[in-house]
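File shown: work26.txt (compact mmCIF, C-alpha atoms).
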# COMPACT_ATOMS: atom_id res chain seq x y z
CA MET G 202 0.00 0.00 0.00
CA LEU G 203 1.20 3.49 -0.90
CA THR G 204 -0.48 6.79 0.00
CA ILE G 205 0.39 10.12 -1.60
CA ILE G 206 -0.69 13.12 0.47
CA ASN G 207 -0.71 16.92 0.03
CA ALA G 208 -0.95 16.68 -3.76
CA ASN G 209 -2.76 18.85 -6.29
CA ILE G 210 -4.59 16.05 -8.10
CA ILE G 211 -5.34 16.67 -11.78
CA THR G 212 -8.59 15.31 -13.19
CA PRO G 213 -10.28 16.23 -16.49
CA MET G 214 -12.87 18.22 -14.53
CA ARG G 215 -10.85 19.98 -11.84
CA ILE G 216 -7.67 20.12 -9.80
CA ILE G 217 -8.13 18.84 -6.26
CA PRO G 218 -5.89 20.95 -3.95
CA GLY G 219 -4.24 19.18 -1.03
CA GLY G 220 -5.73 15.84 -2.00
CA SER G 221 -4.53 12.34 -1.28
CA LEU G 222 -4.51 9.05 -3.12
CA THR G 223 -4.00 5.46 -2.02
CA LEU G 224 -2.90 2.66 -4.28
CA GLU G 225 -2.47 -1.04 -3.75
CA GLY G 226 -1.80 -3.96 -6.06
CA GLY G 227 -1.11 -1.66 -8.98
CA ARG G 228 -4.55 0.01 -8.76
CA ILE G 229 -5.89 3.22 -7.25
CA THR G 230 -8.01 2.24 -4.25
CA GLN G 231 -9.05 5.66 -2.96
CA VAL G 232 -8.97 9.34 -3.94
CA ARG G 233 -9.76 11.95 -1.27
CA ASP G 234 -10.15 15.73 -1.28
CA THR G 235 -8.09 15.94 1.90
CA SER G 236 -5.23 14.02 3.45
CA SER G 237 -6.32 11.36 5.92
CA SER G 238 -4.97 11.39 9.48
CA LYS G 239 -4.89 7.57 9.54
CA LEU G 240 -2.25 6.30 7.17
CA ASN G 241 -0.98 2.77 6.64
CA GLY G 242 1.97 1.57 4.60
CA GLU G 243 4.37 3.82 2.71
CA VAL G 244 3.54 7.53 2.58
CA ILE G 245 4.79 10.15 0.10
CA ASP G 246 4.27 13.78 1.04
CA ALA G 247 3.88 15.56 -2.31
CA GLN G 248 4.27 18.97 -0.65
CA GLY G 249 2.01 20.66 -3.17
CA LEU G 250 3.32 18.96 -6.32
CA TYR G 251 0.84 18.07 -9.04
CA LEU G 252 -0.35 14.47 -9.18
CA SER G 253 -1.29 13.48 -12.73
CA PRO G 254 -2.19 10.34 -14.68
CA GLY G 255 0.82 8.98 -16.53
CA PHE G 256 1.40 10.25 -20.06
CA ILE G 257 0.48 7.92 -22.95
CA ASP G 258 2.57 8.38 -26.11
CA ILE G 259 0.92 6.65 -29.07
CA HIS G 260 3.62 7.57 -31.61
CA ILE G 261 7.25 7.13 -30.62
CA HIS G 262 10.27 5.73 -32.48
CA GLY G 263 13.07 5.93 -29.93
CA GLY G 264 15.04 7.79 -27.33
CA GLY G 265 18.11 7.57 -25.16
CA GLY G 266 20.24 6.67 -28.18
CA ALA G 267 18.08 3.70 -29.25
CA ASP G 268 15.44 3.15 -31.93
CA PHE G 269 12.85 0.38 -32.09
CA MET G 270 14.02 -0.36 -35.65
CA ASP G 271 17.42 -1.40 -34.26
CA ASN G 272 15.63 -4.62 -33.25
CA GLU G 273 17.59 -4.89 -30.03
CA LEU G 274 15.93 -5.98 -26.83
CA GLU G 275 18.17 -3.68 -24.79
CA GLY G 276 17.08 -0.81 -27.01
CA PHE G 277 13.41 -1.39 -26.27
CA VAL G 278 14.16 -1.21 -22.55
CA GLN G 279 16.39 1.85 -22.99
CA ILE G 280 13.62 3.73 -24.77
CA ALA G 281 11.03 2.77 -22.15
CA GLN G 282 13.31 3.85 -19.31
CA THR G 283 14.42 7.08 -20.98
CA HIS G 284 10.91 8.36 -21.59
CA ALA G 285 9.70 7.30 -18.13
CA LYS G 286 12.02 9.99 -16.77
CA PHE G 287 9.94 12.54 -18.67
CA GLY G 288 6.54 11.24 -17.59
CA THR G 289 5.65 8.61 -20.20
CA THR G 290 4.11 5.57 -18.51
CA ALA G 291 2.79 3.84 -21.64
CA MET G 292 3.68 3.92 -25.33
CA LEU G 293 3.14 2.44 -28.77
CA PRO G 294 6.54 1.46 -30.21
CA THR G 295 6.52 2.78 -33.77
CA THR G 296 8.20 1.46 -36.90
CA LEU G 297 9.37 3.16 -40.09
CA THR G 298 9.03 2.03 -43.68
CA GLY G 299 11.86 -0.39 -44.38
CA GLU G 300 12.79 -3.86 -45.50
CA PRO G 301 10.02 -6.43 -44.84
CA ALA G 302 12.51 -8.65 -43.01
CA LYS G 303 13.27 -5.80 -40.61
CA LEU G 304 9.59 -5.54 -39.73
CA LEU G 305 9.37 -9.23 -38.97
CA GLU G 306 12.32 -8.80 -36.60
CA VAL G 307 10.47 -6.00 -34.82
CA PHE G 308 7.58 -8.35 -34.07
CA ALA G 309 9.93 -10.96 -32.64
CA VAL G 310 11.84 -8.53 -30.45
CA TYR G 311 8.67 -6.78 -29.30
CA GLN G 312 7.11 -10.08 -28.27
CA GLU G 313 10.22 -10.86 -26.25
CA ALA G 314 10.16 -7.40 -24.65
CA LEU G 315 6.63 -7.99 -23.37
CA SER G 316 7.93 -10.78 -21.12
CA LEU G 317 10.64 -8.64 -19.50
CA ASP G 318 10.55 -7.20 -15.99
CA TYR G 319 12.02 -3.71 -16.26
CA SER G 320 11.54 -0.25 -14.73
CA GLY G 321 10.07 1.90 -17.46
CA ALA G 322 7.06 2.78 -19.59
CA ASP G 323 4.57 0.08 -20.49
CA PHE G 324 4.21 -1.20 -24.07
CA LEU G 325 0.61 -1.11 -25.36
CA GLY G 326 1.08 -2.57 -28.85
CA LEU G 327 2.93 -1.72 -32.03
CA HIS G 328 2.25 1.20 -34.35
CA LEU G 329 3.21 0.41 -37.93
CA GLU G 330 3.98 3.64 -39.78
CA GLY G 331 4.05 2.59 -43.40
CA PRO G 332 4.82 1.30 -45.97
CA TYR G 333 1.50 2.27 -47.62
CA PHE G 334 2.17 5.96 -48.25
CA ALA G 335 1.94 8.57 -50.98
CA MET G 336 5.41 8.92 -52.46
CA ASN G 337 5.03 12.69 -52.69
CA GLN G 338 4.39 12.93 -48.94
CA ARG G 339 6.91 10.35 -47.77
CA GLY G 340 9.03 12.77 -45.72
CA ALA G 341 11.92 10.81 -44.23
CA GLN G 342 10.33 7.44 -45.04
CA ASP G 343 12.54 5.27 -47.28
CA PRO G 344 11.17 5.56 -50.86
CA ARG G 345 12.60 2.16 -51.82
CA PHE G 346 9.94 0.37 -49.79
CA ILE G 347 6.88 2.58 -50.21
CA ARG G 348 4.05 0.75 -51.98
CA ASN G 349 0.29 0.29 -52.22
CA PRO G 350 -1.64 -1.96 -49.81
CA ASN G 351 -1.68 -5.55 -51.02
CA PRO G 352 -3.88 -8.10 -49.22
CA GLU G 353 -1.49 -10.86 -50.21
CA GLU G 354 1.04 -9.07 -48.01
CA TYR G 355 -0.96 -7.61 -45.11
CA ILE G 356 -3.50 -10.42 -44.52
CA PRO G 357 -0.85 -13.05 -43.62
CA LEU G 358 0.91 -10.43 -41.51
CA LEU G 359 -2.30 -9.61 -39.63
CA ASP G 360 -3.18 -13.27 -39.22
CA ARG G 361 0.18 -13.95 -37.58
CA TYR G 362 0.92 -10.72 -35.73
CA GLY G 363 -2.38 -8.85 -35.53
CA HIS G 364 -2.57 -9.36 -31.76
CA LEU G 365 0.63 -7.30 -31.41
CA ILE G 366 -0.50 -4.38 -33.62
CA ARG G 367 -2.47 -1.53 -32.04
CA ARG G 368 -2.53 0.93 -34.95
CA TRP G 369 -1.38 1.18 -38.56
CA SER G 370 -0.82 4.44 -40.47
CA ALA G 371 -1.45 4.60 -44.22
CA ALA G 372 -2.59 6.94 -47.01
CA PRO G 373 -6.32 6.39 -47.70
CA GLU G 374 -6.25 7.49 -51.35
CA LEU G 375 -3.99 4.64 -52.51
CA PRO G 376 -5.44 1.78 -54.56
CA GLY G 377 -6.56 -0.88 -52.07
CA ALA G 378 -6.37 1.44 -49.04
CA LEU G 379 -10.10 1.43 -48.31
CA GLU G 380 -10.18 -2.36 -48.23
CA PHE G 381 -7.12 -2.22 -45.99
CA GLY G 382 -8.88 0.16 -43.61
CA ARG G 383 -11.93 -2.06 -43.41
CA GLU G 384 -9.73 -5.07 -42.65
CA LEU G 385 -8.02 -3.22 -39.80
CA ARG G 386 -11.38 -2.13 -38.40
CA SER G 387 -12.70 -5.69 -38.48
CA ARG G 388 -9.72 -6.77 -36.37
CA GLY G 389 -9.99 -3.93 -33.86
CA ILE G 390 -6.80 -2.21 -35.07
CA LEU G 391 -6.80 1.59 -35.28
CA ALA G 392 -6.41 2.84 -38.86
CA ALA G 393 -4.70 6.24 -39.13
CA LEU G 394 -4.30 8.67 -42.04
CA ALA G 395 -0.66 9.45 -42.75
CA HIS G 396 1.81 10.67 -45.39
CA THR G 397 -1.10 11.33 -47.69
CA ASP G 398 -1.88 13.41 -50.77
CA ALA G 399 -5.61 12.89 -50.29
CA VAL G 400 -8.32 15.45 -50.98
CA TYR G 401 -11.58 15.76 -49.07
CA GLU G 402 -13.42 13.04 -50.98
CA ASP G 403 -10.58 10.57 -50.29
CA ILE G 404 -10.55 11.40 -46.59
CA LEU G 405 -14.33 11.04 -46.37
CA LYS G 406 -14.16 7.58 -47.95
CA GLY G 407 -11.31 6.73 -45.59
CA VAL G 408 -13.42 7.65 -42.56
CA GLU G 409 -16.25 5.51 -43.88
CA SER G 410 -13.77 2.63 -44.18
CA GLY G 411 -12.48 2.92 -40.63
CA PHE G 412 -9.75 5.57 -40.58
CA ARG G 413 -10.13 7.54 -37.34
CA LEU G 414 -6.86 9.37 -36.61
CA ALA G 415 -4.70 11.95 -38.38
CA THR G 416 -1.07 10.93 -37.89
CA HIS G 417 1.08 13.98 -36.95
CA LEU G 418 -1.37 16.49 -38.44
CA TYR G 419 0.25 18.92 -40.94
CA SER G 420 3.39 16.77 -41.27
CA GLY G 421 3.38 14.65 -44.44
CA MET G 422 -0.09 15.85 -45.50
CA SER G 423 -1.54 17.67 -48.47
CA GLY G 424 -3.12 21.08 -48.06
CA MET G 425 -5.52 22.97 -50.30
CA THR G 426 -4.77 22.39 -53.96
CA ARG G 427 -6.05 23.60 -57.34
CA LYS G 428 -7.14 21.51 -60.29
CA ASN G 429 -8.30 23.29 -63.43
CA ALA G 430 -8.77 26.52 -61.43
CA TYR G 431 -10.96 24.83 -58.82
CA ARG G 432 -9.90 24.59 -55.18
CA TYR G 433 -9.92 21.25 -53.35
CA ALA G 434 -9.56 20.72 -49.62
CA GLY G 435 -6.50 18.67 -48.86
CA ALA G 436 -5.91 16.18 -46.05
CA ILE G 437 -5.12 18.94 -43.55
CA GLU G 438 -8.35 20.88 -44.05
CA SER G 439 -10.37 17.66 -44.20
CA CYS G 440 -8.99 16.35 -40.92
CA LEU G 441 -9.66 19.67 -39.24
CA LEU G 442 -13.22 19.69 -40.56
CA LEU G 443 -14.40 16.15 -39.86
CA ASP G 444 -15.41 15.48 -36.25
CA GLU G 445 -14.87 11.75 -36.71
CA ILE G 446 -11.10 12.24 -36.97
CA ASP G 447 -8.87 12.72 -33.94
CA ALA G 448 -5.74 14.81 -34.53
CA GLU G 449 -2.38 13.86 -33.11
CA ILE G 450 0.21 16.64 -33.10
CA ILE G 451 3.94 16.91 -32.47
CA ALA G 452 3.69 19.69 -29.90
CA ASP G 453 7.41 20.31 -29.55
CA GLY G 454 7.05 23.99 -30.45
CA VAL G 455 9.10 23.47 -33.61
CA HIS G 456 7.08 21.24 -35.95
CA LEU G 457 3.96 23.33 -35.32
CA PRO G 458 4.36 26.97 -34.27
CA GLU G 459 1.85 28.89 -32.17
CA PRO G 460 -0.84 29.72 -34.79
CA PHE G 461 -1.12 26.10 -35.90
CA LEU G 462 -1.38 24.77 -32.35
CA LYS G 463 -4.10 27.27 -31.51
CA LEU G 464 -5.98 26.60 -34.76
CA ILE G 465 -6.00 22.84 -34.15
CA CYS G 466 -7.29 23.26 -30.59
CA LYS G 467 -9.95 25.72 -31.73
CA THR G 468 -11.25 23.60 -34.60
CA LYS G 469 -10.94 20.09 -33.15
CA GLY G 470 -11.69 20.87 -29.49
CA ILE G 471 -9.57 19.61 -26.64
CA GLU G 472 -11.31 16.20 -26.63
CA ARG G 473 -10.01 15.42 -30.14
CA VAL G 474 -6.38 16.53 -29.80
CA ILE G 475 -3.71 14.00 -28.86
CA LEU G 476 -0.14 14.99 -28.11
CA ILE G 477 2.71 12.80 -29.36
CA THR G 478 6.48 13.07 -29.25
CA ASP G 479 7.17 11.18 -32.51
CA ALA G 480 10.58 10.97 -30.85
CA MET G 481 13.58 9.39 -32.56
CA ARG G 482 16.73 8.06 -30.88
CA GLY G 483 18.02 11.56 -30.13
CA ALA G 484 15.34 12.26 -27.52
CA GLY G 485 16.95 12.69 -24.11
CA MET G 486 20.40 12.87 -25.72
CA PRO G 487 22.87 15.73 -26.37
CA GLU G 488 22.56 17.59 -29.66
CA GLY G 489 24.82 16.66 -32.57
CA LYS G 490 24.93 13.90 -35.19
CA SER G 491 22.39 11.07 -34.97
CA ILE G 492 20.52 8.52 -37.08
CA LEU G 493 16.83 8.40 -37.96
CA GLY G 494 15.65 4.80 -38.07
CA SER G 495 17.83 1.72 -37.80
CA LYS G 496 21.45 2.32 -36.90
CA ASP G 497 22.41 -0.15 -39.64
CA ASP G 498 20.72 1.55 -42.59
CA GLY G 499 18.98 4.64 -41.22
CA LEU G 500 19.24 8.24 -42.33
CA GLU G 501 22.05 10.41 -40.99
CA VAL G 502 20.69 13.56 -39.34
CA ILE G 503 21.86 16.40 -37.16
CA ILE G 504 20.09 17.47 -33.99
CA GLU G 505 20.13 21.17 -33.24
CA ASN G 506 17.77 23.75 -31.78
CA GLY G 507 15.55 21.04 -30.34
CA VAL G 508 14.81 19.14 -33.55
CA ALA G 509 16.46 16.66 -35.93
CA LYS G 510 17.27 17.97 -39.41
CA LEU G 511 18.73 16.66 -42.63
CA PRO G 512 22.47 17.37 -42.80
CA ASP G 513 21.89 20.16 -45.35
CA ARG G 514 19.25 21.62 -42.98
CA SER G 515 16.69 21.68 -45.78
CA SER G 516 14.06 19.79 -43.79
CA PHE G 517 13.16 18.45 -40.37
CA ALA G 518 14.06 14.77 -39.95
CA GLY G 519 12.42 13.77 -36.71
CA SER G 520 11.43 14.94 -33.28
CA VAL G 521 13.50 14.77 -30.10
CA ALA G 522 10.60 15.84 -27.88
CA THR G 523 9.75 14.32 -24.52
CA ALA G 524 6.27 14.18 -23.03
CA ASP G 525 6.84 16.83 -20.35
CA GLN G 526 7.88 19.25 -23.10
CA LEU G 527 4.59 18.71 -24.93
CA VAL G 528 2.58 19.82 -21.90
CA ARG G 529 4.74 22.90 -21.40
CA VAL G 530 4.38 23.92 -25.04
CA MET G 531 0.61 23.51 -25.03
CA MET G 532 0.37 25.68 -21.93
CA ASN G 533 2.98 28.34 -22.68
CA VAL G 534 2.62 28.56 -26.47
CA ALA G 535 -0.89 27.32 -27.29
CA GLY G 536 -2.48 28.92 -24.23
CA GLN G 537 -4.13 25.76 -22.91
CA THR G 538 -4.85 25.13 -19.24
CA LEU G 539 -2.85 22.55 -17.32
CA MET G 540 -5.91 20.30 -17.09
CA ASP G 541 -6.54 20.42 -20.83
CA ALA G 542 -2.88 19.96 -21.79
CA VAL G 543 -2.64 16.92 -19.50
CA ARG G 544 -5.88 15.51 -20.88
CA MET G 545 -4.42 15.58 -24.41
CA LEU G 546 -1.67 13.22 -23.25
CA THR G 547 -3.69 11.00 -20.90
CA LEU G 548 -7.44 10.55 -21.24
CA ASN G 549 -7.62 11.40 -24.95
CA PRO G 550 -5.11 8.75 -26.12
CA ALA G 551 -6.61 6.25 -23.66
CA ARG G 552 -10.05 6.80 -25.19
CA LEU G 553 -8.68 6.46 -28.72
CA LEU G 554 -7.14 3.11 -27.80
CA SER G 555 -10.35 2.02 -25.97
CA LEU G 556 -8.42 1.95 -22.68
CA GLU G 557 -10.29 4.72 -20.86
CA HIS G 558 -11.74 2.14 -18.46
CA GLU G 559 -8.31 1.58 -16.92
CA ARG G 560 -5.91 4.34 -17.96
CA GLY G 561 -5.76 8.09 -18.49
CA ILE G 562 -7.63 9.36 -15.43
CA ILE G 563 -7.17 9.37 -11.66
CA ALA G 564 -10.12 7.54 -10.12
CA GLN G 565 -10.80 4.57 -7.86
CA GLY G 566 -10.16 1.25 -9.59
CA MET G 567 -7.99 2.72 -12.34
CA ARG G 568 -4.47 1.48 -13.03
CA ALA G 569 -1.92 3.31 -10.88
CA ASP G 570 0.12 4.98 -13.62
CA LEU G 571 0.93 8.28 -11.94
CA LEU G 572 3.24 11.30 -12.06
CA LEU G 573 4.35 13.93 -9.60
CA PHE G 574 5.63 17.16 -11.17
CA ASP G 575 6.11 20.82 -10.30
CA ASP G 576 4.68 24.02 -11.79
CA ALA G 577 7.18 23.86 -14.67
CA ILE G 578 6.20 20.23 -15.47
CA ASN G 579 9.56 18.93 -14.24
CA ILE G 580 8.92 15.26 -13.48
CA LYS G 581 9.75 14.34 -9.89
CA GLN G 582 8.36 10.81 -9.75
CA THR G 583 6.98 8.31 -12.25
CA ILE G 584 4.88 5.36 -11.08
CA VAL G 585 3.88 2.54 -13.45
CA ALA G 586 1.27 0.05 -12.21
CA GLY G 587 1.94 1.14 -8.63
CA ARG G 588 5.71 0.74 -8.92
CA THR G 589 8.11 3.69 -8.85
CA VAL G 590 10.29 3.56 -11.97
CA TYR G 591 11.83 7.04 -11.64
CA SER G 592 12.18 9.49 -8.78
CA THR G 593 14.17 12.53 -7.73
CA LEU G 594 12.29 12.93 -4.46

Can you dump the structure from the file as structure tokens?
Amino acid sequence: MLTIINANIITPMRIIPGGSLTLEGGRITQVRDTSSSKLNGEVIDAQGLYLSPGFIDIHIHGGGGADFMDNELEGFVQIAQTHAKFGTTAMLPTTLTGEPAKLLEVFAVYQEALSLDYSGADFLGLHLEGPYFAMNQRGAQDPRFIRNPNPEEYIPLLDRYGHLIRRWSAAPELPGALEFGRELRSRGILAALAHTDAVYEDILKGVESGFRLATHLYSGMSGMTRKNAYRYAGAIESCLLLDEIDAEIIADGVHLPEPFLKLICKTKGIERVILITDAMRGAGMPEGKSILGSKDDGLEVIIENGVAKLPDRSSFAGSVATADQLVRVMMNVAGQTLMDAVRMLTLNPARLLSLEHERGIIAQGMRADLLLFDDAINIKQTIVAGRTVYSTL
């Protein structure tokens, strides 16, 4: 049993000042507006720190010098431990477009990682980013392996590894993409729009086929275009317009500057915005040279000014954000309240993954994934399933 007292407890509805929380067996057993005088077991005096649900990052490639595409068990653990220091208690390990054999290795290593006992963020399932993308919107994805959805490829993959896949990002306008989306929906896998040159009609058909999330909105997406003098809404405008689509954003303050962050919040509403790091191996590491993707055949990049860039500095080449940074940016740049910024990284992703019954909110019976942090969102303690995995207290 562990009791946290004198905490400002963050819920989606309010902040409870001077509240207390008791957890046992990895679950929250009681939440009180005041601190009890009768305490059993271990006690942590939060001394006015904020107590928040743990952050859930549904799009993350690496951190701490490792990338999931390295296909190294130690790397998986390193990433989970690195991001736990910044408040992430659960994540979707994310792939990049690459050799099919590399992807099969990811499944094998991920399955092995699930059996490990380590102190770090929890793995909630894989996010496959690619290879079914529009070539014109590929970004840093390897063009050698970009292709259209083919059921002869993805059906056997889903039959064998579907239980490990939580979401799959693809371009809905590609030949065969709508059938692909329907197949994912039938298996309970989240279909996301990504690296797409779609116009409104394509996005609408994608939504009807099961696509429900905009992968890193604005990045790798078409905007308004003209054809024979007529204007057509691109993927960006379509995703902002349609209420059925949730929008994930890289809120590092670099990929999307202030006007874009505010526009997304205004048009989608706080319930439909999900913060992601989209972090590569350079997250939590010093600036300088790095690699995007696998260390064996990835893309050489340089990290400077809080973002990864191509060596010629012509384009961004990945994020090095951490979850605590996302909350700070949404508050200080986008003008969101602490409650709303936290919600975008807790309850919103939990709802999207159909996990809101056990994660993303502080309430009795919920999983004890918890954070203590100060006014500047500096993480002081990270608790995963009732177990402290990081602390400076």

Which of these residues is nearest to Ala267 in chain G, using only C-alpha atoms: G:Thr230, G:Ser253, G:Thr397, G:Ser491?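 Checking each of G:Thr230, G:Ser253, G:Thr397, G:Ser491 against Ala267 in chain G, counting only C-alpha atoms, the winner is G:Ser491.
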
Identify the residues around (-9.8, 3.2, -39.7) within a radius of 8 Å, measuring from all atoms listed in the file in the coordinates stated by the file, and give them as a list of chain:residue names.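 The answer, in the requested form, is G:Gly382, G:Arg383, G:Leu385, G:Arg386, G:Ile390, G:Leu391, G:Ala392, G:Ala393, G:Gly407, G:Val408, G:Ser410, G:Gly411, G:Phe412, G:Arg413, G:Leu414.
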
Convert the current residue selection to file output with C-alpha atoms, as a compact mmCIF listing (two decimals), in the frame of the given file.
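selection-v8.txt was written with the following content:
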# COMPACT_ATOMS: atom_id res chain seq x y z
CA GLY G 382 -8.88 0.16 -43.61
CA ARG G 383 -11.93 -2.06 -43.41
CA LEU G 385 -8.02 -3.22 -39.80
CA ARG G 386 -11.38 -2.13 -38.40
CA ILE G 390 -6.80 -2.21 -35.07
CA LEU G 391 -6.80 1.59 -35.28
CA ALA G 392 -6.41 2.84 -38.86
CA ALA G 393 -4.70 6.24 -39.13
CA GLY G 407 -11.31 6.73 -45.59
CA VAL G 408 -13.42 7.65 -42.56
CA SER G 410 -13.77 2.63 -44.18
CA GLY G 411 -12.48 2.92 -40.63
CA PHE G 412 -9.75 5.57 -40.58
CA ARG G 413 -10.13 7.54 -37.34
CA LEU G 414 -6.86 9.37 -36.61

Using all atoms listed in the file, which protein or nucleic acid residues come within 9 Å of range 473-486 of chain G? Drop anything in the same chain fewer than 5 positions from it, and give the result as a PyMOL selection string. chain G and resi 257-269+280+283-284+287+295+417+444-453+465-466+491-494+504+508-509+519-524+526-528+542+544-547+549-550

Box for range 499-507 of chain G - axis-aligned, 4 Å on each of the six sides, all listed atoms - centre and size in Å to one decimal, as lines of an AutoDock Vina configuration file.
center_x = 18.8
center_y = 14.2
center_z = -36.3
size_x = 14.5
size_y = 27.1
size_z = 20.0

Just how far from CA of Glu243 in chain G is CA of Gln231 in chain G, in Å to one decimal? 14.7 Å

For the contact check between range 217-320 of chain G and range 345-352 of chain G, emit one row per residue of range 217-320 of chain G within 7 Å, containing the shortest atom pair and the distance in Å rounded to one decimal, counting all atoms listed in the file, chain then rising number order, as CSV.
residue,atom,partner,partner_atom,distance
G:Thr298,CA,G:Phe346,CA,6.4
G:Gly299,CA,G:Phe346,CA,5.8
G:Glu300,CA,G:Phe346,CA,6.7

Determine the nearest neighbour of Leu573 in chain G from the options G:Asp246, G:Glu330, G:Glu438, G:Asp234, counting all atoms listed in the file.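 Once distances to Leu573 in chain G are computed over all atoms listed in the file, the minimum belongs to G:Asp246.
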